[in-house]
>>> print(open('query.txt').read())   # compact mmCIF, C-alpha atoms
# COMPACT_ATOMS: atom_id res chain seq x y z
CA MET A 151 68.63 77.12 153.97
CA LYS A 152 70.07 79.09 156.89
CA LEU A 153 73.83 79.40 156.80
CA ASP A 154 76.10 79.48 159.83
CA GLU A 155 77.75 82.85 160.24
CA ASP A 156 81.24 81.70 159.26
CA VAL A 157 79.97 79.90 156.16
CA HIS A 158 79.21 83.21 154.38
CA GLN A 159 82.89 84.14 154.46
CA LYS A 160 84.02 80.66 153.48
CA ILE A 161 81.76 80.67 150.42
CA ALA A 162 82.92 84.15 149.41
CA ARG A 163 86.54 83.06 149.73
CA GLU A 164 85.83 80.03 147.55
CA MET A 165 83.98 82.11 144.93
CA ASN A 166 86.94 84.55 144.92
CA LEU A 167 84.95 87.35 143.27
CA SER A 168 84.93 91.01 144.28
CA GLU A 169 81.77 90.36 146.27
CA THR A 170 79.46 87.44 146.87
CA ALA A 171 75.87 88.41 147.72
CA PHE A 172 73.61 86.50 150.09
CA ILE A 173 69.84 87.08 149.85
CA ARG A 174 67.70 85.86 152.74
CA LYS A 175 64.03 85.84 153.69
CA LEU A 176 63.14 88.17 156.54
CA ASN A 177 60.11 86.18 157.69
CA PRO A 178 59.28 82.45 157.62
CA THR A 179 56.23 83.11 155.44
CA ASP A 180 58.19 85.03 152.78
CA ASN A 181 58.97 83.49 149.40
CA PHE A 182 61.32 84.66 146.68
CA THR A 183 58.60 84.89 144.02
CA GLN A 184 55.93 86.92 145.84
CA SER A 185 57.70 88.87 148.59
CA SER A 186 59.15 92.32 147.94
CA CYS A 187 61.53 92.76 150.88
CA PHE A 188 64.62 90.68 151.64
CA GLY A 189 67.79 90.77 153.67
CA LEU A 190 71.03 91.21 151.74
CA ARG A 191 74.68 90.89 152.76
CA TRP A 192 77.91 91.18 150.76
CA PHE A 193 81.27 89.52 151.36
CA THR A 194 84.59 89.98 149.61
CA PRO A 195 87.05 87.05 149.81
CA ALA A 196 88.43 88.73 152.94
CA SER A 197 85.55 90.38 154.83
CA GLU A 198 81.94 91.57 154.95
CA VAL A 199 81.40 95.02 153.42
CA PRO A 200 78.68 97.59 154.19
CA LEU A 201 77.67 98.36 150.60
CA CYS A 202 78.06 96.81 147.16
CA GLY A 203 76.13 98.19 144.23
CA HIS A 204 76.80 95.68 141.49
CA ALA A 205 76.16 92.71 143.76
CA THR A 206 72.82 94.35 144.65
CA LEU A 207 72.11 94.76 140.94
CA ALA A 208 72.94 91.09 140.40
CA SER A 209 70.71 90.04 143.30
CA ALA A 210 67.78 91.99 141.89
CA ALA A 211 68.42 90.54 138.42
CA VAL A 212 68.29 86.96 139.74
CA LEU A 213 65.04 87.68 141.58
CA PHE A 214 63.43 89.53 138.67
CA TYR A 215 64.61 87.46 135.69
CA LYS A 216 65.49 84.00 137.01
CA ILE A 217 63.09 83.48 139.93
CA LYS A 218 60.41 85.63 138.25
CA ASN A 219 59.61 87.79 141.26
CA VAL A 220 56.28 89.49 140.50
CA ASN A 221 57.07 92.89 142.02
CA ASN A 222 58.33 95.95 140.14
CA THR A 223 60.33 97.20 143.12
CA LEU A 224 62.35 95.19 145.63
CA THR A 225 63.63 96.42 148.97
CA PHE A 226 66.83 95.04 150.48
CA VAL A 227 67.58 95.46 154.19
CA THR A 228 71.36 95.90 154.48
CA LEU A 229 74.16 97.33 156.62
CA SER A 230 73.65 100.57 154.66
CA GLY A 231 69.94 100.72 155.42
CA GLU A 232 67.13 99.95 152.99
CA LEU A 233 68.12 99.86 149.32
CA LYS A 234 65.56 99.65 146.53
CA ALA A 235 65.88 98.08 143.09
CA ARG A 236 63.22 98.69 140.47
CA ARG A 237 62.62 97.44 136.98
CA ALA A 238 63.36 99.69 134.01
CA GLU A 239 62.84 99.08 130.31
CA ASP A 240 66.55 98.65 129.64
CA GLY A 241 67.97 97.57 132.99
CA ILE A 242 67.54 97.85 136.74
CA ILE A 243 67.65 101.08 138.75
CA LEU A 244 69.24 101.03 142.20
CA ASP A 245 68.37 103.60 144.85
CA LEU A 246 71.60 104.13 146.84
CA PRO A 247 72.78 106.57 149.51
CA LEU A 248 74.69 109.61 148.22
CA TYR A 249 77.95 110.14 150.13
CA PRO A 250 79.74 113.51 150.19
CA ALA A 251 83.51 113.68 149.80
CA HIS A 252 85.45 116.42 151.57
CA PRO A 253 88.76 118.09 150.59
CA GLN A 254 91.73 116.01 151.73
CA ASP A 255 95.19 117.37 152.55
CA PHE A 256 97.65 115.92 150.01
CA HIS A 257 100.51 115.45 152.46
CA GLU A 258 98.44 113.16 154.69
CA VAL A 259 97.92 110.71 151.82
CA GLU A 260 100.98 111.48 149.69
CA ASP A 261 102.66 108.13 150.37
CA LEU A 262 99.50 106.21 149.48
CA ILE A 263 98.99 108.11 146.21
CA LYS A 264 102.63 107.92 145.12
CA THR A 265 102.75 104.21 145.94
CA ALA A 266 99.63 103.59 143.86
CA ILE A 267 100.23 105.80 140.81
CA GLY A 268 103.77 107.19 141.07
CA ASP A 269 104.21 110.68 139.62
CA THR A 270 100.86 110.77 137.80
CA LEU A 271 99.51 114.33 137.90
CA VAL A 272 96.70 114.82 140.43
CA GLN A 273 94.12 117.61 140.16
CA ASP A 274 92.00 117.08 143.28
CA ILE A 275 91.79 114.81 146.33
CA ARG A 276 88.67 114.13 148.38
CA TYR A 277 87.84 111.79 151.26
CA SER A 278 84.50 110.18 152.10
CA PRO A 279 84.38 109.44 155.84
CA ASP A 280 81.10 107.52 155.51
CA THR A 281 82.61 104.97 153.12
CA ARG A 282 86.31 105.41 153.97
CA LYS A 283 87.06 105.88 150.28
CA LEU A 284 89.78 108.19 148.98
CA LEU A 285 88.86 109.91 145.69
CA VAL A 286 91.81 111.01 143.55
CA ARG A 287 91.00 113.06 140.46
CA LEU A 288 93.69 112.87 137.82
CA SER A 289 94.72 115.91 135.80
CA ASP A 290 92.30 117.02 133.09
CA THR A 291 95.23 116.82 130.67
CA TYR A 292 94.86 113.03 130.66
CA LYS A 293 92.54 111.13 128.35
CA ARG A 294 90.45 108.02 128.98
CA SER A 295 93.13 105.77 127.46
CA PHE A 296 95.62 106.97 130.08
CA LEU A 297 93.38 105.89 132.95
CA GLU A 298 92.59 102.58 131.24
CA ASN A 299 96.27 101.71 130.78
CA LEU A 300 97.57 103.12 134.06
CA LYS A 301 99.53 100.56 136.09
CA VAL A 302 98.34 100.81 139.67
CA ASN A 303 100.42 99.26 142.43
CA THR A 304 97.93 97.76 144.87
CA GLN A 305 100.29 95.20 146.40
CA ASP A 306 102.10 97.71 148.63
CA LEU A 307 99.09 99.79 149.69
CA LEU A 308 98.38 97.69 152.79
CA GLN A 309 101.81 98.51 154.17
CA VAL A 310 101.55 102.22 153.35
CA GLU A 311 98.01 102.70 154.72
CA ASN A 312 97.25 100.45 157.68
CA THR A 313 95.44 102.89 159.98
CA GLY A 314 91.96 101.86 158.82
CA LYS A 315 91.17 105.35 157.49
CA VAL A 316 91.15 104.25 153.84
CA LYS A 317 89.37 101.12 152.65
CA GLY A 318 89.06 101.99 148.96
CA LEU A 319 90.89 104.08 146.37
CA ILE A 320 88.93 105.77 143.57
CA LEU A 321 90.81 107.14 140.57
CA THR A 322 88.66 109.40 138.44
CA LEU A 323 88.96 111.55 135.35
CA LYS A 324 86.75 114.17 133.75
CA GLY A 325 84.96 113.04 130.60
CA GLU A 326 86.02 114.14 127.15
CA PRO A 327 84.00 116.29 124.72
CA GLY A 328 81.79 114.35 122.34
CA GLY A 329 83.28 113.15 119.08
CA GLN A 330 83.19 109.89 117.23
CA THR A 331 82.97 107.92 120.46
CA GLN A 332 80.20 107.83 123.07
CA THR A 333 80.33 110.72 125.53
CA PHE A 334 80.74 110.12 129.26
CA ASP A 335 80.72 112.75 131.98
CA PHE A 336 83.47 111.03 133.95
CA TYR A 337 85.58 107.89 134.12
CA SER A 338 86.84 105.91 137.10
CA ARG A 339 88.68 102.86 138.39
CA TYR A 340 88.37 101.41 141.89
CA PHE A 341 90.86 99.53 144.07
CA ALA A 342 90.22 97.96 147.50
CA PRO A 343 93.09 95.68 148.54
CA TRP A 344 92.22 96.47 152.16
CA VAL A 345 89.17 94.21 151.81
CA GLY A 346 90.78 91.68 149.48
CA VAL A 347 89.84 93.26 146.12
CA ALA A 348 92.81 94.40 144.01
CA GLU A 349 90.56 96.04 141.40
CA ASP A 350 86.78 95.92 141.18
CA PRO A 351 85.24 95.76 137.69
CA VAL A 352 82.20 98.01 138.33
CA THR A 353 81.47 99.59 141.69
CA GLY A 354 78.13 101.03 142.75
CA SER A 355 79.40 102.09 146.17
CA ALA A 356 82.22 104.11 144.58
CA HIS A 357 79.68 105.85 142.35
CA ALA A 358 77.67 106.80 145.43
CA VAL A 359 80.72 108.99 146.19
CA LEU A 360 81.62 109.90 142.59
CA SER A 361 78.06 111.03 141.85
CA SER A 362 78.19 113.57 144.67
CA TYR A 363 81.60 114.89 143.60
CA TRP A 364 81.01 115.16 139.86
CA SER A 365 77.53 116.61 140.28
CA GLN A 366 79.12 119.52 142.14
CA GLN A 367 82.00 119.83 139.67
CA LEU A 368 79.87 119.68 136.52
CA GLY A 369 76.68 121.29 137.81
CA LYS A 370 74.63 118.31 136.62
CA LYS A 371 72.07 116.01 138.24
CA ASP A 372 71.99 113.43 135.43
CA MET A 373 75.27 111.89 134.33
CA HIS A 374 76.65 109.06 132.22
CA ALA A 375 79.70 107.32 133.69
CA PHE A 376 82.12 104.62 132.60
CA GLN A 377 84.30 102.50 134.88
CA CYS A 378 87.52 101.76 133.01
CA SER A 379 88.38 98.35 134.43
CA ARG A 380 89.43 95.62 132.03
CA ARG A 381 85.81 94.41 131.93
CA GLY A 382 84.36 97.91 132.00
CA GLY A 383 80.85 99.08 132.76
CA GLU A 384 78.47 101.93 131.97
CA LEU A 385 76.32 103.59 134.63
CA GLU A 386 73.46 106.05 134.21
CA ILE A 387 73.21 108.33 137.23
CA SER A 388 70.41 110.59 138.49
CA LEU A 389 70.62 112.53 141.74
CA CYS A 390 67.32 112.50 143.60
CA PRO A 391 65.66 115.35 145.56
CA ASP A 392 65.75 113.22 148.72
CA GLY A 393 69.55 113.25 148.82
CA ARG A 394 70.01 109.79 147.33
CA VAL A 395 71.12 108.64 143.90
CA ASP A 396 69.57 106.39 141.26
CA ILE A 397 72.09 104.30 139.35
CA LYS A 398 70.95 102.25 136.36
CA GLY A 399 72.83 99.32 134.92
CA GLY A 400 72.36 96.24 132.81
CA THR A 401 72.90 92.62 133.84
CA ALA A 402 73.60 89.22 132.31
CA ILE A 403 73.40 85.87 134.09
CA VAL A 404 76.54 84.02 132.99
CA LEU A 405 76.72 81.11 135.41
CA GLU A 406 74.29 78.98 137.41
CA GLY A 407 74.97 76.26 139.93
CA THR A 408 73.84 74.47 143.07
CA LEU A 409 75.52 75.03 146.42
CA THR A 410 76.11 71.96 148.56
CA THR A 411 77.32 72.24 152.14
>>> encode(input="query.txt", output="structure tokens")
Amino acid sequence: MKLDEDVHQKIAREMNLSETAFIRKLNPTDNFTQSSCFGLRWFTPASEVPLCGHATLASAAVLFYKIKNVNNTLTFVTLSGELKARRAEDGIILDLPLYPAHPQDFHEVEDLIKTAIGDTLVQDIRYSPDTRKLLVRLSDTYKRSFLENLKVNTQDLLQVENTGKVKGLILTLKGEPGGQTQTFDFYSRYFAPWVGVAEDPVTGSAHAVLSSYWSQQLGKKDMHAFQCSRRGGELEISLCPDGRVDIKGGTAIVLEGTLTT
């Protein structure tokens, strides 16, 4: 079924999730079981976005596990170019662009940061022009529980930053040494009220920026990350020689339905 252009946004608004993904055939002869290349778009309740990792993961999971697509690798044609998803023994691996983040002058974004997190101590600030995401690294003196429980004011961010420069705020924290709990290289939370998402549960596009930053900081190509939203999510990360990043995650189909228009 071909959807009218405005219907994508209406459906996403009705679903009211961080992103709603739309998979489409690229050619009339394609079918969802045999073909290996599809179009893919993502919409928040407010707008279309250029990249969404976990909605891509979900799309691949539906094709692999529900529709029983026969291929081991799927290619999605998107606003961010071609993205690949391939089967793994314990999940699905996404091949995503790797986006560098450059040093950002604190005074230019001071109002945004103080509005969001008050007087929380900040160790580093970076900006990704490709994704328009602002990365704020909290002080290494903080633990995971601090980031998990931090009250972030997203309601006022639209008034403080309305230039279009920032479309997403990443808060991140260096991982803790191994002990009784599982070890992660870094933690994060992600907020995007500019596109209608107060807080996103797990964000592949943010990790396309985080992977670049933490790889440089830690001197590592393979990392284990945890996004500290209320739902939470683990990500296994591997930087590739071609300048991209593989991110592996697990999936679970929790709801099925039929769309009527």
>>> closest_residue(input="query.txt", among="A:Thr183, A:Gln377, A:Gln367, A:Asn222", to="Gly354 in chain A", atoms="all atoms listed in the file")
A:Gln377
>>> closest_residue(input="query.txt", among="A:Asp269, A:Glu349, A:Glu311, A:Glu260", to="Leu288 in chain A", atoms="only C-alpha atoms")
A:Asp269
>>> residues_around(input="query.txt", residues="Leu321 in chain A", least_positions_apart="5", cutoff="7 Å", atoms="only C-alpha atoms", output="compact mmCIF listing (two decimals) with C-alpha atoms, in the frame of the given file")
# COMPACT_ATOMS: atom_id res chain seq x y z
CA LEU A 285 88.86 109.91 145.69
CA VAL A 286 91.81 111.01 143.55
CA ARG A 287 91.00 113.06 140.46
CA LEU A 288 93.69 112.87 137.82
CA SER A 338 86.84 105.91 137.10
CA ARG A 339 88.68 102.86 138.39
CA TYR A 340 88.37 101.41 141.89
>>> atom_distance(input="query.txt", atom1="CA of Cys202 in chain A", atom2="CA of Ser355 in chain A")
5.5 Å
>>> atom_distance(input="query.txt", atom1="CA of Ala208 in chain A", atom2="CA of Ala348 in chain A")
20.5 Å
>>> residues_around(input="query.txt", residues="Val157 in chain A", least_positions_apart="2", cutoff="12 Å", atoms="only C-alpha atoms", output="PyMOL selection string")
chain A and resi 151-155+159-164+170+172+193+195+197-198+409-411
>>> closest_residue(input="query.txt", among="A:Glu326, A:Asp290, A:Asp261, A:Asp396", to="Lys234 in chain A", atoms="only C-alpha atoms")
A:Asp396
>>> closest_residue(input="query.txt", among="A:His204, A:Arg380, A:Lys398, A:Arg276", to="Gln254 in chain A", atoms="all atoms listed in the file")
A:Arg276
>>> closest_residue(input="query.txt", among="A:Ser379, A:Gln309, A:Ser362, A:Thr265", to="Leu248 in chain A", atoms="only C-alpha atoms")
A:Ser362
>>> atom_distance(input="query.txt", atom1="CA of Trp364 in chain A", atom2="CA of Pro250 in chain A")
10.5 Å
>>> closest_residue(input="query.txt", among="A:Lys283, A:Glu386, A:Glu258, A:Ile403", to="Ala238 in chain A", atoms="all atoms listed in the file")
A:Glu386
>>> residues_around(input="query.txt", residues="range 356-358 of chain A", least_positions_apart="6", cutoff="12 Å", atoms="all atoms listed in the file", output="PyMOL selection string")
chain A and resi 201-204+230+244-251+277-278+280-286+317-322+336-342+350+364-365+373-377+383-390+393-398
>>> residues_around(input="query.txt", residues="range 173-176 of chain A", least_positions_apart="4", cutoff="9 Å", atoms="all atoms listed in the file", output="ChimeraX atom specification")
/A:151-152,180-182,185,187-191,209,226-227
>>> residues_near_point(input="query.txt", point="(84.7, 117.5, 127.3)", cutoff="12 Å", atoms="only C-alpha atoms", output="tab-separated table (two decimals) with C-alpha atoms, in the coordinates of the input")
chain	number	residue	atom	x	y	z
A	290	ASP	CA	92.30	117.02	133.09
A	291	THR	CA	95.23	116.82	130.67
A	292	TYR	CA	94.86	113.03	130.66
A	293	LYS	CA	92.54	111.13	128.35
A	294	ARG	CA	90.45	108.02	128.98
A	323	LEU	CA	88.96	111.55	135.35
A	324	LYS	CA	86.75	114.17	133.75
A	325	GLY	CA	84.96	113.04	130.60
A	326	GLU	CA	86.02	114.14	127.15
A	327	PRO	CA	84.00	116.29	124.72
A	328	GLY	CA	81.79	114.35	122.34
A	329	GLY	CA	83.28	113.15	119.08
A	331	THR	CA	82.97	107.92	120.46
A	332	GLN	CA	80.20	107.83	123.07
A	333	THR	CA	80.33	110.72	125.53
A	334	PHE	CA	80.74	110.12	129.26
A	335	ASP	CA	80.72	112.75	131.98
A	336	PHE	CA	83.47	111.03	133.95
A	337	TYR	CA	85.58	107.89	134.12
A	368	LEU	CA	79.87	119.68	136.52
>>> decode(input="query.txt", residues="range 229-264 of chain A", atoms="N, CA, C and O atoms", output="PDB file, in the first residue's frame")
ATOM      1  N   LEU A 229      17.625   8.646   4.185  1.00  0.00           N
ATOM      2  CA  LEU A 229      18.146  10.010   4.082  1.00  0.00           C
ATOM      3  C   LEU A 229      19.606  10.090   4.495  1.00  0.00           C
ATOM      4  O   LEU A 229      20.283  11.065   4.182  1.00  0.00           O
ATOM      5  N   SER A 230      20.102   9.083   5.209  1.00  0.00           N
ATOM      6  CA  SER A 230      21.510   9.036   5.614  1.00  0.00           C
ATOM      7  C   SER A 230      22.322   8.082   4.735  1.00  0.00           C
ATOM      8  O   SER A 230      23.383   7.617   5.140  1.00  0.00           O
ATOM      9  N   GLY A 231      21.813   7.807   3.551  1.00  0.00           N
ATOM     10  CA  GLY A 231      22.506   6.899   2.644  1.00  0.00           C
ATOM     11  C   GLY A 231      22.074   5.464   2.871  1.00  0.00           C
ATOM     12  O   GLY A 231      21.037   5.188   3.486  1.00  0.00           O
ATOM     13  N   GLU A 232      22.868   4.531   2.382  1.00  0.00           N
ATOM     14  CA  GLU A 232      22.549   3.112   2.536  1.00  0.00           C
ATOM     15  C   GLU A 232      23.018   2.609   3.896  1.00  0.00           C
ATOM     16  O   GLU A 232      24.171   2.796   4.277  1.00  0.00           O
ATOM     17  N   LEU A 233      22.105   1.990   4.629  1.00  0.00           N
ATOM     18  CA  LEU A 233      22.414   1.376   5.917  1.00  0.00           C
ATOM     19  C   LEU A 233      22.192  -0.127   5.786  1.00  0.00           C
ATOM     20  O   LEU A 233      21.218  -0.559   5.178  1.00  0.00           O
ATOM     21  N   LYS A 234      23.085  -0.891   6.388  1.00  0.00           N
ATOM     22  CA  LYS A 234      22.960  -2.351   6.316  1.00  0.00           C
ATOM     23  C   LYS A 234      22.645  -2.931   7.689  1.00  0.00           C
ATOM     24  O   LYS A 234      23.118  -2.439   8.712  1.00  0.00           O
ATOM     25  N   ALA A 235      21.850  -3.974   7.689  1.00  0.00           N
ATOM     26  CA  ALA A 235      21.541  -4.731   8.904  1.00  0.00           C
ATOM     27  C   ALA A 235      21.807  -6.194   8.610  1.00  0.00           C
ATOM     28  O   ALA A 235      21.319  -6.725   7.607  1.00  0.00           O
ATOM     29  N   ARG A 236      22.574  -6.842   9.458  1.00  0.00           N
ATOM     30  CA  ARG A 236      22.899  -8.252   9.206  1.00  0.00           C
ATOM     31  C   ARG A 236      22.632  -9.097  10.455  1.00  0.00           C
ATOM     32  O   ARG A 236      22.738  -8.626  11.585  1.00  0.00           O
ATOM     33  N   ARG A 237      22.300 -10.322  10.191  1.00  0.00           N
ATOM     34  CA  ARG A 237      22.003 -11.248  11.277  1.00  0.00           C
ATOM     35  C   ARG A 237      23.275 -11.542  12.077  1.00  0.00           C
ATOM     36  O   ARG A 237      24.359 -11.661  11.523  1.00  0.00           O
ATOM     37  N   ALA A 238      23.106 -11.715  13.376  1.00  0.00           N
ATOM     38  CA  ALA A 238      24.162 -12.207  14.252  1.00  0.00           C
ATOM     39  C   ALA A 238      23.549 -13.271  15.145  1.00  0.00           C
ATOM     40  O   ALA A 238      22.321 -13.391  15.240  1.00  0.00           O
ATOM     41  N   GLU A 239      24.390 -14.062  15.787  1.00  0.00           N
ATOM     42  CA  GLU A 239      23.880 -15.154  16.617  1.00  0.00           C
ATOM     43  C   GLU A 239      22.977 -14.650  17.740  1.00  0.00           C
ATOM     44  O   GLU A 239      21.970 -15.264  18.070  1.00  0.00           O
ATOM     45  N   ASP A 240      23.349 -13.515  18.309  1.00  0.00           N
ATOM     46  CA  ASP A 240      22.612 -13.020  19.472  1.00  0.00           C
ATOM     47  C   ASP A 240      22.057 -11.620  19.264  1.00  0.00           C
ATOM     48  O   ASP A 240      21.994 -10.811  20.180  1.00  0.00           O
ATOM     49  N   GLY A 241      21.648 -11.319  18.027  1.00  0.00           N
ATOM     50  CA  GLY A 241      21.056 -10.012  17.766  1.00  0.00           C
ATOM     51  C   GLY A 241      21.165  -9.630  16.305  1.00  0.00           C
ATOM     52  O   GLY A 241      21.310 -10.489  15.423  1.00  0.00           O
ATOM     53  N   ILE A 242      21.117  -8.336  16.065  1.00  0.00           N
ATOM     54  CA  ILE A 242      21.239  -7.782  14.716  1.00  0.00           C
ATOM     55  C   ILE A 242      22.303  -6.695  14.764  1.00  0.00           C
ATOM     56  O   ILE A 242      22.351  -5.890  15.700  1.00  0.00           O
ATOM     57  N   ILE A 243      23.175  -6.682  13.749  1.00  0.00           N
ATOM     58  CA  ILE A 243      24.242  -5.685  13.671  1.00  0.00           C
ATOM     59  C   ILE A 243      23.871  -4.648  12.622  1.00  0.00           C
ATOM     60  O   ILE A 243      23.574  -4.988  11.474  1.00  0.00           O
ATOM     61  N   LEU A 244      23.884  -3.383  13.027  1.00  0.00           N
ATOM     62  CA  LEU A 244      23.635  -2.278  12.114  1.00  0.00           C
ATOM     63  C   LEU A 244      24.948  -1.645  11.694  1.00  0.00           C
ATOM     64  O   LEU A 244      25.845  -1.443  12.523  1.00  0.00           O
ATOM     65  N   ASP A 245      25.061  -1.329  10.428  1.00  0.00           N
ATOM     66  CA  ASP A 245      26.201  -0.603   9.883  1.00  0.00           C
ATOM     67  C   ASP A 245      25.765   0.849   9.706  1.00  0.00           C
ATOM     68  O   ASP A 245      24.943   1.161   8.837  1.00  0.00           O
ATOM     69  N   LEU A 246      26.287   1.752  10.560  1.00  0.00           N
ATOM     70  CA  LEU A 246      25.850   3.145  10.564  1.00  0.00           C
ATOM     71  C   LEU A 246      27.016   4.079  10.247  1.00  0.00           C
ATOM     72  O   LEU A 246      28.186   3.715  10.439  1.00  0.00           O
ATOM     73  N   PRO A 247      26.724   5.296   9.801  1.00  0.00           N
ATOM     74  CA  PRO A 247      27.796   6.281   9.631  1.00  0.00           C
ATOM     75  C   PRO A 247      28.407   6.611  10.991  1.00  0.00           C
ATOM     76  O   PRO A 247      27.743   6.520  12.026  1.00  0.00           O
ATOM     77  N   LEU A 248      29.667   7.003  11.000  1.00  0.00           N
ATOM     78  CA  LEU A 248      30.353   7.448  12.209  1.00  0.00           C
ATOM     79  C   LEU A 248      30.539   8.959  12.101  1.00  0.00           C
ATOM     80  O   LEU A 248      31.156   9.447  11.163  1.00  0.00           O
ATOM     81  N   TYR A 249      29.992   9.696  13.056  1.00  0.00           N
ATOM     82  CA  TYR A 249      29.988  11.161  12.967  1.00  0.00           C
ATOM     83  C   TYR A 249      30.942  11.770  13.998  1.00  0.00           C
ATOM     84  O   TYR A 249      30.791  11.537  15.195  1.00  0.00           O
ATOM     85  N   PRO A 250      31.917  12.555  13.549  1.00  0.00           N
ATOM     86  CA  PRO A 250      32.828  13.208  14.497  1.00  0.00           C
ATOM     87  C   PRO A 250      32.127  14.336  15.251  1.00  0.00           C
ATOM     88  O   PRO A 250      31.171  14.943  14.751  1.00  0.00           O
ATOM     89  N   ALA A 251      32.615  14.587  16.462  1.00  0.00           N
ATOM     90  CA  ALA A 251      32.113  15.694  17.272  1.00  0.00           C
ATOM     91  C   ALA A 251      33.290  16.597  17.624  1.00  0.00           C
ATOM     92  O   ALA A 251      34.325  16.128  18.085  1.00  0.00           O
ATOM     93  N   HIS A 252      33.127  17.888  17.397  1.00  0.00           N
ATOM     94  CA  HIS A 252      34.217  18.848  17.550  1.00  0.00           C
ATOM     95  C   HIS A 252      34.064  19.629  18.849  1.00  0.00           C
ATOM     96  O   HIS A 252      32.954  19.809  19.358  1.00  0.00           O
ATOM     97  N   PRO A 253      35.175  20.128  19.411  1.00  0.00           N
ATOM     98  CA  PRO A 253      35.089  20.934  20.634  1.00  0.00           C
ATOM     99  C   PRO A 253      34.126  22.108  20.469  1.00  0.00           C
ATOM    100  O   PRO A 253      34.110  22.766  19.425  1.00  0.00           O
ATOM    101  N   GLN A 254      33.330  22.352  21.501  1.00  0.00           N
ATOM    102  CA  GLN A 254      32.310  23.391  21.466  1.00  0.00           C
ATOM    103  C   GLN A 254      32.571  24.386  22.595  1.00  0.00           C
ATOM    104  O   GLN A 254      32.762  23.995  23.750  1.00  0.00           O
ATOM    105  N   ASP A 255      32.573  25.665  22.269  1.00  0.00           N
ATOM    106  CA  ASP A 255      32.752  26.707  23.278  1.00  0.00           C
ATOM    107  C   ASP A 255      31.589  26.684  24.267  1.00  0.00           C
ATOM    108  O   ASP A 255      30.415  26.719  23.874  1.00  0.00           O
ATOM    109  N   PHE A 256      31.919  26.618  25.567  1.00  0.00           N
ATOM    110  CA  PHE A 256      30.894  26.493  26.601  1.00  0.00           C
ATOM    111  C   PHE A 256      29.934  27.682  26.605  1.00  0.00           C
ATOM    112  O   PHE A 256      28.721  27.521  26.759  1.00  0.00           O
ATOM    113  N   HIS A 257      30.469  28.882  26.434  1.00  0.00           N
ATOM    114  CA  HIS A 257      29.631  30.072  26.576  1.00  0.00           C
ATOM    115  C   HIS A 257      28.541  30.146  25.509  1.00  0.00           C
ATOM    116  O   HIS A 257      27.481  30.715  25.748  1.00  0.00           O
ATOM    117  N   GLU A 258      28.795  29.554  24.342  1.00  0.00           N
ATOM    118  CA  GLU A 258      27.792  29.567  23.279  1.00  0.00           C
ATOM    119  C   GLU A 258      26.575  28.710  23.624  1.00  0.00           C
ATOM    120  O   GLU A 258      25.478  28.947  23.105  1.00  0.00           O
ATOM    121  N   VAL A 259      26.775  27.699  24.456  1.00  0.00           N
ATOM    122  CA  VAL A 259      25.679  26.779  24.788  1.00  0.00           C
ATOM    123  C   VAL A 259      25.406  26.742  26.290  1.00  0.00           C
ATOM    124  O   VAL A 259      24.718  25.853  26.784  1.00  0.00           O
ATOM    125  N   GLU A 260      25.938  27.722  27.014  1.00  0.00           N
ATOM    126  CA  GLU A 260      25.806  27.738  28.473  1.00  0.00           C
ATOM    127  C   GLU A 260      24.346  27.759  28.905  1.00  0.00           C
ATOM    128  O   GLU A 260      23.945  27.015  29.818  1.00  0.00           O
ATOM    129  N   ASP A 261      23.536  28.587  28.266  1.00  0.00           N
ATOM    130  CA  ASP A 261      22.125  28.682  28.655  1.00  0.00           C
ATOM    131  C   ASP A 261      21.404  27.355  28.436  1.00  0.00           C
ATOM    132  O   ASP A 261      20.593  26.934  29.270  1.00  0.00           O
ATOM    133  N   LEU A 262      21.694  26.698  27.319  1.00  0.00           N
ATOM    134  CA  LEU A 262      21.060  25.412  27.027  1.00  0.00           C
ATOM    135  C   LEU A 262      21.431  24.384  28.100  1.00  0.00           C
ATOM    136  O   LEU A 262      20.557  23.686  28.639  1.00  0.00           O
ATOM    137  N   ILE A 263      22.726  24.301  28.416  1.00  0.00           N
ATOM    138  CA  ILE A 263      23.186  23.287  29.367  1.00  0.00           C
ATOM    139  C   ILE A 263      22.633  23.557  30.759  1.00  0.00           C
ATOM    140  O   ILE A 263      22.147  22.649  31.444  1.00  0.00           O
ATOM    141  N   LYS A 264      22.681  24.825  31.194  1.00  0.00           N
ATOM    142  CA  LYS A 264      22.191  25.147  32.538  1.00  0.00           C
ATOM    143  C   LYS A 264      20.677  24.972  32.638  1.00  0.00           C
ATOM    144  O   LYS A 264      20.159  24.573  33.691  1.00  0.00           O
TER     145      LYS A 264
END
